[in-house]
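Asks: Supplied structure: model.txt, compact mmCIF, C-alpha atoms.
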```
# COMPACT_ATOMS: atom_id res chain seq x y z
CA MET A 99 -5.01 -23.52 -27.63
CA PRO A 100 -3.80 -22.90 -31.22
CA GLY A 101 -0.07 -23.50 -31.79
CA ALA A 102 0.59 -19.88 -32.75
CA CYS A 103 -0.83 -18.67 -29.44
CA ARG A 104 1.34 -21.12 -27.50
CA GLN A 105 4.43 -19.93 -29.38
CA ALA A 106 3.59 -16.29 -28.73
CA GLN A 107 3.06 -16.91 -25.01
CA ALA A 108 6.36 -18.81 -24.74
CA ALA A 109 8.23 -15.99 -26.50
CA ALA A 110 6.68 -13.37 -24.22
CA ALA A 111 7.58 -15.37 -21.11
CA GLN A 112 11.20 -15.59 -22.21
CA ALA A 113 11.49 -11.86 -22.98
CA PRO A 114 9.51 -9.90 -20.35
CA GLU A 115 11.72 -6.84 -20.78
CA ALA A 116 10.12 -6.18 -24.19
CA PHE A 117 7.13 -4.75 -22.30
CA GLY A 118 9.09 -3.26 -19.42
CA ARG A 119 8.42 -6.18 -17.07
CA GLY A 120 10.85 -7.98 -14.81
CA PRO A 121 14.28 -7.08 -13.48
CA GLN A 122 15.73 -6.39 -16.93
CA ALA A 123 13.30 -3.58 -17.72
CA ARG A 124 15.10 -0.57 -19.19
CA ALA A 125 14.50 2.72 -20.98
CA PRO A 126 13.41 2.43 -24.61
CA VAL A 127 16.18 2.73 -27.19
CA GLY A 128 16.83 6.39 -27.99
CA LEU A 129 15.55 7.77 -24.69
CA PRO A 130 17.66 8.61 -21.62
CA ALA A 131 17.34 6.39 -18.57
CA PRO A 132 14.83 7.70 -16.01
CA MET A 133 16.17 9.64 -13.04
CA PRO A 134 15.20 7.97 -9.75
CA ALA A 135 12.67 9.98 -7.78
CA PRO A 136 13.76 11.17 -4.31
CA PRO A 137 12.93 8.46 -1.74
CA LEU A 138 10.74 10.73 0.40
CA LEU A 139 8.67 11.79 -2.61
CA THR A 140 8.19 8.16 -3.62
CA GLN A 141 7.07 7.27 -0.10
CA LEU A 142 4.57 10.13 -0.14
CA LEU A 143 3.16 9.04 -3.50
CA THR A 144 2.69 5.42 -2.45
CA ALA A 145 0.77 6.37 0.71
CA ALA A 146 -2.98 6.88 0.30
CA GLY A 147 -4.45 9.97 1.91
CA PRO A 148 -7.59 11.69 0.57
CA SER A 149 -8.75 14.88 2.30
CA GLY A 150 -9.62 14.17 5.91
CA ASN A 151 -7.75 10.86 5.86
CA GLU A 152 -4.13 11.99 5.54
CA THR A 153 -2.65 9.87 8.33
CA ASP A 154 -0.42 7.59 6.22
CA PRO A 155 1.28 10.21 4.03
CA ALA A 156 1.55 12.57 7.02
CA ARG A 157 3.40 9.88 8.98
CA ALA A 158 5.72 9.23 6.04
CA TRP A 159 6.43 12.96 5.77
CA ARG A 160 7.23 13.34 9.45
CA ASP A 161 9.50 10.29 9.36
CA GLY A 162 11.33 11.76 6.38
CA CYS A 163 11.93 15.05 8.22
CA SER A 164 13.02 13.59 11.56
CA SER A 165 16.72 13.32 10.71
CA TRP A 166 17.34 17.03 10.18
CA ALA A 167 14.53 19.02 11.85
CA THR A 168 14.79 20.48 15.36
CA GLU A 169 11.08 19.79 15.92
CA VAL A 170 8.65 17.45 14.17
CA ARG A 171 5.00 17.01 15.15
CA GLY A 172 1.43 16.71 13.97
CA ASP A 173 -1.83 18.30 15.09
CA ASN A 174 -5.50 17.44 15.57
CA VAL A 175 -6.50 18.47 12.05
CA GLY A 176 -3.97 16.16 10.40
CA SER A 177 -1.30 18.70 9.50
CA SER A 178 2.40 18.19 10.28
CA LEU A 179 5.36 20.51 10.76
CA ALA A 180 9.14 20.23 10.72
CA ARG A 181 11.06 23.18 12.15
CA VAL A 182 14.61 24.37 11.57
CA ALA A 183 15.54 26.80 14.35
CA GLY A 184 16.74 30.22 13.31
CA THR A 185 20.20 31.55 14.07
CA ALA A 186 19.75 35.32 14.37
CA GLY A 187 16.23 36.24 15.46
CA GLY A 188 14.98 36.75 11.92
CA PRO A 189 11.37 36.47 10.72
CA THR A 190 9.66 33.09 11.05
CA LEU A 191 8.91 31.59 7.65
CA ILE A 192 6.38 28.84 7.03
CA VAL A 193 6.62 26.83 3.81
CA VAL A 194 3.31 25.10 3.13
CA GLY A 195 2.35 22.19 0.91
CA HIS A 196 -0.87 20.19 1.28
CA ILE A 197 -0.63 16.49 2.06
CA ASP A 198 -4.16 15.48 1.00
CA GLU A 199 -5.18 14.17 -2.41
CA ILE A 200 -8.47 13.83 -4.24
CA GLY A 201 -10.33 10.56 -3.81
CA LEU A 202 -13.71 8.84 -3.63
CA ILE A 203 -16.12 8.20 -0.76
CA VAL A 204 -18.64 5.36 -0.51
CA SER A 205 -22.19 6.74 -0.33
CA HIS A 206 -24.40 3.66 -0.91
CA ILE A 207 -24.13 -0.14 -1.09
CA ASP A 208 -26.88 -1.76 -3.15
CA ASP A 209 -28.35 -5.23 -2.72
CA GLU A 210 -26.27 -6.61 -5.58
CA GLY A 211 -23.06 -5.62 -3.80
CA TYR A 212 -22.09 -2.62 -5.91
CA LEU A 213 -20.76 0.51 -4.23
CA ARG A 214 -21.99 3.94 -5.24
CA PHE A 215 -19.67 6.80 -4.43
CA GLY A 216 -19.15 10.52 -4.31
CA GLN A 217 -16.07 12.62 -4.89
CA VAL A 218 -13.50 13.86 -2.37
CA GLY A 219 -12.24 16.92 -4.19
CA GLY A 220 -12.69 17.52 -7.90
CA TRP A 221 -12.66 14.64 -10.38
CA ASP A 222 -13.45 14.50 -14.07
CA PRO A 223 -15.72 11.41 -13.98
CA ALA A 224 -14.50 10.37 -17.44
CA VAL A 225 -11.07 9.73 -15.89
CA LEU A 226 -12.51 7.27 -13.38
CA ILE A 227 -14.00 4.71 -15.76
CA GLY A 228 -12.07 1.44 -15.70
CA GLN A 229 -9.71 2.49 -12.90
CA ARG A 230 -8.54 0.19 -10.14
CA VAL A 231 -9.10 1.65 -6.68
CA LEU A 232 -7.99 0.89 -3.15
CA ILE A 233 -10.62 1.37 -0.44
CA ALA A 234 -9.58 2.10 3.14
CA THR A 235 -11.75 -0.19 5.29
CA ARG A 236 -11.55 -1.15 8.95
CA GLY A 237 -10.34 -4.56 7.79
CA GLY A 238 -7.51 -3.03 5.76
CA PRO A 239 -7.06 -1.92 2.13
CA LEU A 240 -9.64 -3.47 -0.20
CA PRO A 241 -9.17 -3.46 -3.99
CA GLY A 242 -12.02 -2.58 -6.34
CA VAL A 243 -12.65 -1.45 -9.89
CA VAL A 244 -14.74 1.44 -11.21
CA GLY A 245 -17.27 0.32 -13.80
CA ARG A 246 -20.25 1.49 -15.76
CA LYS A 247 -22.58 0.11 -18.40
CA PRO A 248 -20.54 -1.25 -21.36
CA VAL A 249 -20.23 1.15 -24.27
CA HIS A 250 -22.01 -1.39 -26.50
CA LEU A 251 -25.18 -0.96 -24.43
CA LEU A 252 -25.17 2.82 -24.29
CA LYS A 253 -27.68 4.73 -26.39
CA ASP A 254 -26.22 6.95 -29.09
CA ASP A 255 -26.95 10.13 -27.13
CA ASP A 256 -25.38 8.71 -23.97
CA ARG A 257 -22.17 7.91 -25.81
CA LYS A 258 -21.78 11.58 -26.64
CA GLN A 259 -22.25 12.76 -23.06
CA VAL A 260 -19.63 13.11 -20.36
CA PRO A 261 -20.50 10.49 -17.73
CA GLU A 262 -21.74 11.60 -14.32
CA THR A 263 -20.40 10.13 -11.11
CA LYS A 264 -23.84 8.73 -10.32
CA ALA A 265 -23.62 6.55 -13.45
CA LEU A 266 -20.50 4.80 -12.10
CA HIS A 267 -20.01 2.17 -9.42
CA ILE A 268 -17.24 0.29 -7.63
CA ASP A 269 -17.15 -3.50 -7.86
CA VAL A 270 -15.23 -5.28 -5.08
CA GLY A 271 -16.19 -8.77 -6.21
CA ALA A 272 -18.89 -9.23 -3.56
CA LYS A 273 -21.61 -11.78 -4.40
CA ASP A 274 -24.36 -9.61 -2.91
CA GLY A 275 -25.11 -6.61 -0.73
CA ASP A 276 -24.78 -8.48 2.56
CA GLU A 277 -21.24 -9.58 1.71
CA ALA A 278 -20.29 -6.11 0.49
CA ARG A 279 -21.59 -4.50 3.69
CA LYS A 280 -19.39 -6.79 5.77
CA LEU A 281 -16.37 -5.47 3.88
CA VAL A 282 -17.19 -1.82 3.37
CA ARG A 283 -18.95 0.87 5.39
CA ILE A 284 -20.61 4.05 4.21
CA GLY A 285 -18.00 6.82 4.34
CA ASP A 286 -15.02 4.60 3.54
CA VAL A 287 -12.70 6.46 1.17
CA ALA A 288 -10.72 5.26 -1.82
CA VAL A 289 -7.87 6.34 -4.09
CA ILE A 290 -6.84 5.26 -7.56
CA ASP A 291 -4.52 2.27 -7.21
CA VAL A 292 -1.52 3.09 -9.41
CA PRO A 293 2.21 3.15 -8.56
CA PRO A 294 4.52 6.05 -9.48
CA LEU A 295 6.37 5.70 -12.79
CA GLU A 296 9.80 7.15 -13.51
CA PHE A 297 9.87 8.46 -17.08
CA PRO A 298 12.78 9.57 -19.28
CA ASN A 299 13.95 13.20 -19.28
CA ASP A 300 13.71 13.46 -15.47
CA ARG A 301 9.92 13.15 -15.46
CA LEU A 302 7.73 11.46 -12.90
CA VAL A 303 4.16 10.19 -13.35
CA SER A 304 1.77 9.42 -10.49
CA ARG A 305 -1.53 10.14 -8.86
CA ALA A 306 -1.35 12.63 -5.95
CA LEU A 307 1.55 14.69 -7.34
CA ASP A 308 -1.00 17.39 -6.53
CA ASN A 309 0.20 18.06 -3.95
CA ARG A 310 2.68 15.63 -2.46
CA VAL A 311 5.10 17.62 -4.63
CA GLY A 312 4.41 20.70 -2.52
CA CYS A 313 4.96 18.78 0.72
CA TYR A 314 8.21 17.36 -0.60
CA VAL A 315 9.41 20.81 -1.73
CA ALA A 316 8.58 22.30 1.67
CA ALA A 317 10.55 19.57 3.43
CA GLU A 318 13.46 19.71 0.99
CA ALA A 319 13.72 23.51 1.24
CA ALA A 320 13.88 23.26 5.03
CA ARG A 321 16.42 20.43 4.79
CA LEU A 322 18.62 22.58 2.55
CA VAL A 323 18.40 25.39 5.09
CA ALA A 324 19.38 23.00 7.88
CA GLY A 325 22.30 21.70 5.83
CA ALA A 326 23.53 25.26 5.30
CA GLY A 327 23.59 25.90 9.04
CA GLY A 328 20.18 27.54 9.33
CA ALA A 329 18.57 30.80 8.25
CA PRO A 330 18.27 34.03 10.25
CA GLY A 331 14.76 33.04 11.38
CA ASP A 332 12.93 29.80 12.01
CA VAL A 333 11.96 27.91 8.86
CA VAL A 334 8.91 25.72 9.41
CA ALA A 335 7.97 23.22 6.70
CA LEU A 336 4.31 22.23 6.77
CA ALA A 337 2.33 19.38 5.23
CA VAL A 338 -1.22 20.60 5.78
CA ALA A 339 -4.52 18.76 5.56
CA GLN A 340 -7.72 19.22 3.57
CA GLU A 341 -6.68 21.75 0.93
CA GLU A 342 -8.78 19.99 -1.70
CA THR A 343 -11.96 20.48 0.36
CA THR A 344 -11.78 23.22 3.02
CA PHE A 345 -8.26 24.72 3.38
CA ALA A 346 -8.60 23.63 7.02
CA GLY A 347 -4.94 22.73 7.55
CA ALA A 348 -3.62 25.99 6.13
CA ARG A 349 -6.12 28.05 8.14
CA THR A 350 -5.42 26.38 11.48
CA SER A 351 -1.65 26.10 11.03
CA ALA A 352 -1.21 29.74 10.04
CA PHE A 353 -3.39 30.82 12.97
CA ALA A 354 -1.51 28.67 15.48
CA LEU A 355 2.04 29.43 14.34
CA GLU A 356 1.64 33.21 13.78
CA PRO A 357 4.34 33.34 11.07
CA ASP A 358 5.94 36.56 9.91
CA VAL A 359 5.95 35.42 6.27
CA ALA A 360 4.70 32.42 4.32
CA ILE A 361 5.32 30.59 1.05
CA ALA A 362 2.67 28.22 -0.26
CA VAL A 363 3.90 25.51 -2.62
CA ASP A 364 1.56 23.84 -5.07
CA VAL A 365 1.38 22.62 -8.64
CA THR A 366 0.14 24.63 -11.60
CA PHE A 367 -1.03 23.79 -15.10
CA ALA A 368 1.86 22.98 -17.42
CA THR A 369 1.31 24.83 -20.67
CA ASP A 370 3.15 22.39 -22.93
CA GLN A 371 0.35 19.84 -23.31
CA PRO A 372 -2.20 19.84 -26.15
CA GLY A 373 -5.24 22.05 -25.66
CA VAL A 374 -3.68 24.65 -23.34
CA GLU A 375 -3.61 28.11 -24.95
CA LEU A 376 -1.09 30.76 -24.00
CA GLY A 377 -2.37 34.24 -23.31
CA GLU A 378 -4.82 33.27 -20.63
CA PHE A 379 -2.00 31.20 -19.14
CA THR A 380 1.64 32.20 -18.74
CA LYS A 381 4.14 29.93 -20.46
CA HIS A 382 5.65 27.35 -18.10
CA GLY A 383 6.09 23.85 -19.42
CA LEU A 384 7.87 20.91 -17.87
CA GLY A 385 11.54 21.71 -17.36
CA SER A 386 11.02 25.49 -17.14
CA GLY A 387 11.90 25.61 -13.44
CA ALA A 388 10.00 27.01 -10.49
CA VAL A 389 6.98 29.25 -11.10
CA ILE A 390 6.82 32.41 -8.98
CA VAL A 391 3.25 33.69 -8.84
CA ARG A 392 2.48 37.40 -8.79
CA GLY A 393 -1.03 38.58 -8.01
CA THR A 394 -3.60 40.45 -5.97
CA THR A 395 -3.61 38.21 -2.89
CA LEU A 396 0.17 37.76 -2.81
CA HIS A 397 2.56 40.17 -1.10
CA PRO A 398 4.65 42.24 -3.55
CA LEU A 399 7.79 42.25 -1.39
CA VAL A 400 7.67 38.47 -1.01
CA PHE A 401 7.44 38.20 -4.79
CA GLU A 402 10.38 40.56 -5.30
CA LEU A 403 12.55 38.66 -2.81
CA LEU A 404 11.75 35.36 -4.54
CA TYR A 405 12.49 36.93 -7.93
CA GLU A 406 15.81 38.37 -6.77
CA ALA A 407 16.82 35.08 -5.12
CA ALA A 408 16.16 33.20 -8.35
CA GLU A 409 18.16 35.70 -10.41
CA GLN A 410 21.11 35.88 -8.03
CA GLU A 411 21.33 32.12 -7.48
CA GLY A 412 20.89 31.26 -11.15
CA ILE A 413 17.75 29.20 -10.48
CA LEU A 414 15.55 28.49 -13.49
CA PHE A 415 12.12 30.11 -13.07
CA SER A 416 9.16 31.76 -14.75
CA VAL A 417 6.50 34.18 -13.50
CA ASP A 418 2.76 33.53 -13.43
CA ALA A 419 -0.04 36.10 -12.99
CA SER A 420 -3.03 35.73 -10.69
CA GLY A 421 -5.75 38.37 -10.92
CA ARG A 422 -7.99 36.92 -8.21
CA ASN A 423 -7.61 34.10 -5.71
CA THR A 424 -4.98 31.46 -6.48
CA GLY A 425 -6.96 28.32 -5.61
CA THR A 426 -4.16 27.27 -3.23
CA ASP A 427 -3.40 27.37 0.49
CA ALA A 428 -2.07 30.89 -0.07
CA ASP A 429 -5.68 32.09 -0.19
CA ALA A 430 -6.25 30.94 3.41
CA ILE A 431 -2.84 31.86 4.82
CA HIS A 432 -2.72 35.48 3.74
CA LEU A 433 -5.99 36.18 5.61
CA SER A 434 -4.89 34.62 8.90
CA ARG A 435 -5.11 36.81 12.01
CA ALA A 436 -4.15 40.36 10.93
CA GLY A 437 -2.71 39.11 7.64
CA VAL A 438 0.42 37.16 6.71
CA PRO A 439 2.72 38.35 3.89
CA THR A 440 2.41 35.39 1.53
CA GLY A 441 4.05 34.20 -1.67
CA LEU A 442 3.31 31.27 -3.95
CA VAL A 443 5.80 29.01 -5.70
CA SER A 444 4.40 26.47 -8.12
CA VAL A 445 5.67 23.43 -10.03
CA PRO A 446 4.33 22.84 -13.57
CA LEU A 447 2.22 19.69 -13.84
CA ARG A 448 0.47 17.96 -16.73
CA TYR A 449 -2.88 16.14 -16.51
CA MET A 450 -3.95 17.62 -13.18
CA HIS A 451 -6.45 15.66 -11.07
CA SER A 452 -5.85 12.42 -12.91
CA PRO A 453 -3.99 9.18 -12.12
CA VAL A 454 -1.24 10.16 -14.59
CA GLU A 455 -0.14 13.58 -13.37
CA MET A 456 3.35 14.36 -14.67
CA VAL A 457 6.11 16.63 -13.37
CA SER A 458 9.78 17.33 -13.97
CA LEU A 459 12.13 16.42 -11.14
CA GLU A 460 14.31 19.36 -12.20
CA ASP A 461 11.43 21.77 -11.56
CA ILE A 462 10.88 20.26 -8.12
CA ALA A 463 14.56 20.72 -7.24
CA ALA A 464 14.49 24.31 -8.53
CA ALA A 465 11.50 25.17 -6.33
CA ALA A 466 13.19 23.80 -3.21
CA LYS A 467 16.45 25.66 -3.92
CA LEU A 468 14.55 28.89 -4.56
CA ILE A 469 12.69 28.77 -1.26
CA ALA A 470 15.85 27.91 0.67
CA ALA A 471 17.60 30.89 -0.93
CA PHE A 472 14.61 33.10 -0.06
CA ALA A 473 14.76 31.98 3.58
CA SER A 474 18.41 33.00 3.87
CA ARG A 475 17.49 36.57 2.88
CA LEU A 476 14.96 37.16 5.69
CA GLU A 477 17.01 39.40 7.97
CA PRO A 478 16.10 40.49 11.52
CA GLY A 479 13.91 43.59 11.64
CA MET A 480 12.68 43.17 8.08
CA SER A 481 9.36 44.94 7.55
CA PHE A 482 6.59 43.84 5.22
CA ALA A 483 4.37 46.86 5.92
CA ARG A 484 2.91 48.60 2.88
```
Once you've parsed the file, please lay out its structure as structure tokens.

Replies:
Amino acid sequence: MPGACRQAQAAAAQAPEAFGRGPQARAPVGLPAPMPAPPLLTQLLTAAGPSGNETDPARAWRDGCSSWATEVRGDNVGSSLARVAGTAGGPTLIVVGHIDEIGLIVSHIDDEGYLRFGQVGGWDPAVLIGQRVLIATRGGPLPGVVGRKPVHLLKDDDRKQVPETKALHIDVGAKDGDEARKLVRIGDVAVIDVPPLEFPNDRLVSRALDNRVGCYVAAEAARLVAGAGGAPGDVVALAVAQEETTFAGARTSAFALEPDVAIAVDVTFATDQPGVELGEFTKHGLGSGAVIVRGTTLHPLVFELLYEAAEQEGILFSVDASGRNTGTDADAIHLSRAGVPTGLVSVPLRYMHSPVEMVSLEDIAAAAKLIAAFASRLEPGMSFAR
């Protein structure tokens, strides 16, 4: 090894904090120190749970709610609830976030030991190239990497094309197909293997912020209600399954619980990243607070109550418009049984459906406070007829 390389390696070993490694890692000069993420949110983000396989994050969510809820349980679909009993016979409110995340599913194992895969939910295949993944197998978590043909070997036309999922594969280091098939079965699912990162300016980066954020907000709103002595009616936080594929958890939970009113909580596109044009989208960047959605499938009185709560409590918020369906659990909930008056509160998020989704912790806190304030305004006998 050349002397210069040895010297460089020795210097790096003695100063790991220069690259943010080791116990002395700190915020770069000129930037504020990161705000620690809430423990429950961190636990949710470090648990893998693609649609249909939400057991680990659902368990973490229920454990996080057990200290303050009057009832905590799961169901056969994979959804979980945490209830705060009402104090005055008011309307029952459900607050719904979805606990599943997008992922990958093994569809074929070839004789060379490479895994072909499909998508669980919606991925941009370009995001997947070069990612580390964690596969849930019956033998436990198995690491792998997503690869494709090296760029040097691509034809000029191929370099200009967005890659398709079928052009990618997962390599688990198996020597051949027989070894790979002993490790992995068809239908095993995988997630991108990245830890959450706490960024300056109260920002958090992680995979699965869509929509572990919504589950955390639902739980935190109910916890705030419990800490205030309860609301007039029951407040039921829900972490529902399979939003990214079928809306199954929202459909079955709303049907089973027969709520009087519902708030869905999800993320929405932050408009302060390059390439997002205002006009089609309402302005709501990171740090702009909770987003109250107003639209055709959402109940106007629920919107007005959310709006008034935000104004009266001094909670930072913006309003978004939805001319059709919202693409969230609200679309399933409002159609349940004879119809459920439904609202939607969103949290701005950058880089949606990627391993580096980014949110503001301040926006998350604002959303939880808003929903708790809304719950306190649901008086007995309130009518949502129109």

Asks: Taking 4 positions as the minimum chain separation for residues in the same chain, which residues sit within 9 Å of stretch 270-283 of chain A when counting only C-alpha atoms? Answer as a PyMOL selection string.

Replies: chain A and resi 204-213+233-237+240-243

Asks: Report the distance between atom CA of A:Gly188 and atom CA of A:Val359 in Å, rounded to one decimal place.

Replies: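 Calculated distance between atom CA of A:Gly188 and atom CA of A:Val359 is 10.7 Å.
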
Asks: From (10.1, 7.2, -14.5), in the file's coordinates, out to 12 Å: which residues are reached, counting only C-alpha atoms? Answer as number ranges by chain.

Replies: A: 118, 123-126, 129-136, 140, 293-304, 454, 456-459

Asks: Record the distance separating atom CA of A:Thr366 and atom CA of A:Gly150, expressed in Å with one decimal.

Replies: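 Taking atom CA of A:Thr366 and atom CA of A:Gly150, their separation equals 22.6 Å.
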
Asks: Counting all atoms listed in the file, what is within 12 Å of A:Thr380, bar same-chain residues fewer than 6 positions away, as a list in words?

Replies: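 Here the answer would be Thr366, Phe367, Ala368, Thr369, Asp370, Val374, Ser386, Val389, Ile390, Val391, Arg392, Ser416, Val417, Asp418, Ala419, Ser420 and Pro446 of chain A.
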
Asks: Could you check the closest approach to A:Pro239 for each of A:Glu477, A:Asp291, A:Glu199, A:Glu356 and tell me which residue wins, using all atoms listed in the file?

Replies: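 Distance minimum relative to A:Pro239 lands on A:Asp291.
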
Asks: Enter the distance from atom CA of A:Gly479 to atom CA of A:Ala465, in Å, rounded to one decimal.

Replies: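 Answer for the atom CA of A:Gly479 to atom CA of A:Ala465 separation: 25.8 Å.
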
Asks: I want to know what sits within 12 Å of stretch 172-177 of chain A, based on only C-alpha atoms, with residues of the same chain fewer than 4 positions away left out; could you give that as number ranges by chain?

Replies: A: 147-161, 181, 194-198, 313, 335-341, 344-352, 354-355

Asks: If we count only C-alpha atoms and set the cut-off at 8 Å, which residues sit around A:His267, ignoring sequence neighbours fewer than 4 positions away in its own chain? Please answer as a list in words.

Replies: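 Residues near the query, excluding close chain neighbours: Tyr212, Leu213, Arg214, Phe215, Val244, Gly245 and Arg246 of chain A.
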
Asks: Could you write those residues out with C-alpha atoms, as a short mmCIF file (atom, residue, chain, number, x, y, z; two decimals), in the frame of the given file?

Replies:
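What landed in part-v9.cif:
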```cif
data_model
loop_
_atom_site.label_atom_id
_atom_site.label_comp_id
_atom_site.auth_asym_id
_atom_site.auth_seq_id
_atom_site.Cartn_x
_atom_site.Cartn_y
_atom_site.Cartn_z
CA TYR A 212 -22.09 -2.62 -5.91
CA LEU A 213 -20.76 0.51 -4.23
CA ARG A 214 -21.99 3.94 -5.24
CA PHE A 215 -19.67 6.80 -4.43
CA VAL A 244 -14.74 1.44 -11.21
CA GLY A 245 -17.27 0.32 -13.80
CA ARG A 246 -20.25 1.49 -15.76
#
```

Asks: Taking all atoms listed in the file into account, name the residue in A:Leu143, A:Ala316, A:Ile361, A:Ile268 that is nearest to A:Ile431.

Replies: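 Nearest candidate to A:Ile431 out of A:Leu143, A:Ala316, A:Ile361, A:Ile268: A:Ile361.
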
Asks: Please determine, counting only C-alpha atoms, which residue among A:Ser178, A:Gln141, A:Ser165, A:Asn309 has the shortest atom-to-atom distance to A:Met450.

Replies: A:Asn309

Asks: So, with all atoms listed in the file as the atoms that count, which of A:Gln229, A:Thr440, A:Ser481, A:Thr424 lies closest to A:Val193?

Replies: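 Of A:Gln229, A:Thr440, A:Ser481, A:Thr424, the one nearest A:Val193, counting all atoms listed in the file, is A:Thr440.
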
Asks: If we count all atoms listed in the file, what is near A:Pro189 at a cut-off of 8 Å, once residues fewer than 3 positions away on the same chain are taken out, given as a list in words?

Replies: Pro330, Gly331, Asp332, Pro357, Asp358, Val359, Leu476, Glu477, Pro478, Gly479 and Met480 of chain A

Asks: Could you tell me which of A:Ala360, A:Val400, A:Val334, A:Val443 comes closest to A:Gly387 if we count only C-alpha atoms?

Replies: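 Closest to A:Gly387, using only C-alpha atoms: A:Val443.
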
Asks: With the input short on atoms, add all heavy atoms back to stretch 204-209 of chain A and write it as a CSV table (one decimal), in the frame of the given file.

Replies:
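Here's the written file part_36.csv:
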```csv
chain,number,residue,atom,x,y,z
A,204,VAL,N,-17.5,6.3,-0.3
A,204,VAL,CA,-18.6,5.4,-0.5
A,204,VAL,C,-19.9,6.0,0.1
A,204,VAL,O,-19.9,6.4,1.3
A,204,VAL,CB,-18.4,4.0,0.2
A,204,VAL,CG1,-19.6,3.1,0.0
A,204,VAL,CG2,-17.2,3.3,-0.5
A,205,SER,N,-20.9,6.1,-0.7
A,205,SER,CA,-22.2,6.7,-0.3
A,205,SER,C,-23.4,5.8,-0.2
A,205,SER,O,-24.4,6.1,0.4
A,205,SER,CB,-22.5,7.9,-1.3
A,205,SER,OG,-22.6,7.4,-2.6
A,206,HIS,N,-23.3,4.6,-0.9
A,206,HIS,CA,-24.4,3.7,-0.9
A,206,HIS,C,-23.9,2.3,-1.3
A,206,HIS,O,-23.0,2.2,-2.1
A,206,HIS,CB,-25.5,4.1,-1.9
A,206,HIS,CG,-26.6,3.2,-2.1
A,206,HIS,ND1,-27.5,2.9,-1.1
A,206,HIS,CD2,-27.0,2.4,-3.1
A,206,HIS,CE1,-28.4,2.0,-1.5
A,206,HIS,NE2,-28.1,1.7,-2.7
A,207,ILE,N,-24.4,1.2,-0.7
A,207,ILE,CA,-24.1,-0.1,-1.1
A,207,ILE,C,-25.4,-0.8,-1.5
A,207,ILE,O,-26.3,-1.0,-0.6
A,207,ILE,CB,-23.5,-0.9,0.1
A,207,ILE,CG1,-22.2,-0.2,0.5
A,207,ILE,CG2,-23.1,-2.3,-0.4
A,207,ILE,CD1,-21.6,-0.7,1.8
A,208,ASP,N,-25.6,-1.2,-2.7
A,208,ASP,CA,-26.9,-1.8,-3.2
A,208,ASP,C,-27.0,-3.3,-2.9
A,208,ASP,O,-26.0,-3.9,-2.4
A,208,ASP,CB,-27.2,-1.4,-4.6
A,208,ASP,CG,-26.2,-2.1,-5.6
A,208,ASP,OD1,-25.7,-3.2,-5.3
A,208,ASP,OD2,-26.1,-1.6,-6.7
A,209,ASP,N,-28.1,-3.8,-3.1
A,209,ASP,CA,-28.4,-5.2,-2.7
A,209,ASP,C,-27.6,-6.2,-3.6
A,209,ASP,O,-27.5,-7.4,-3.2
A,209,ASP,CB,-29.9,-5.5,-2.8
A,209,ASP,CG,-30.6,-4.8,-1.7
A,209,ASP,OD1,-30.0,-4.5,-0.7
A,209,ASP,OD2,-31.9,-4.6,-1.8
```
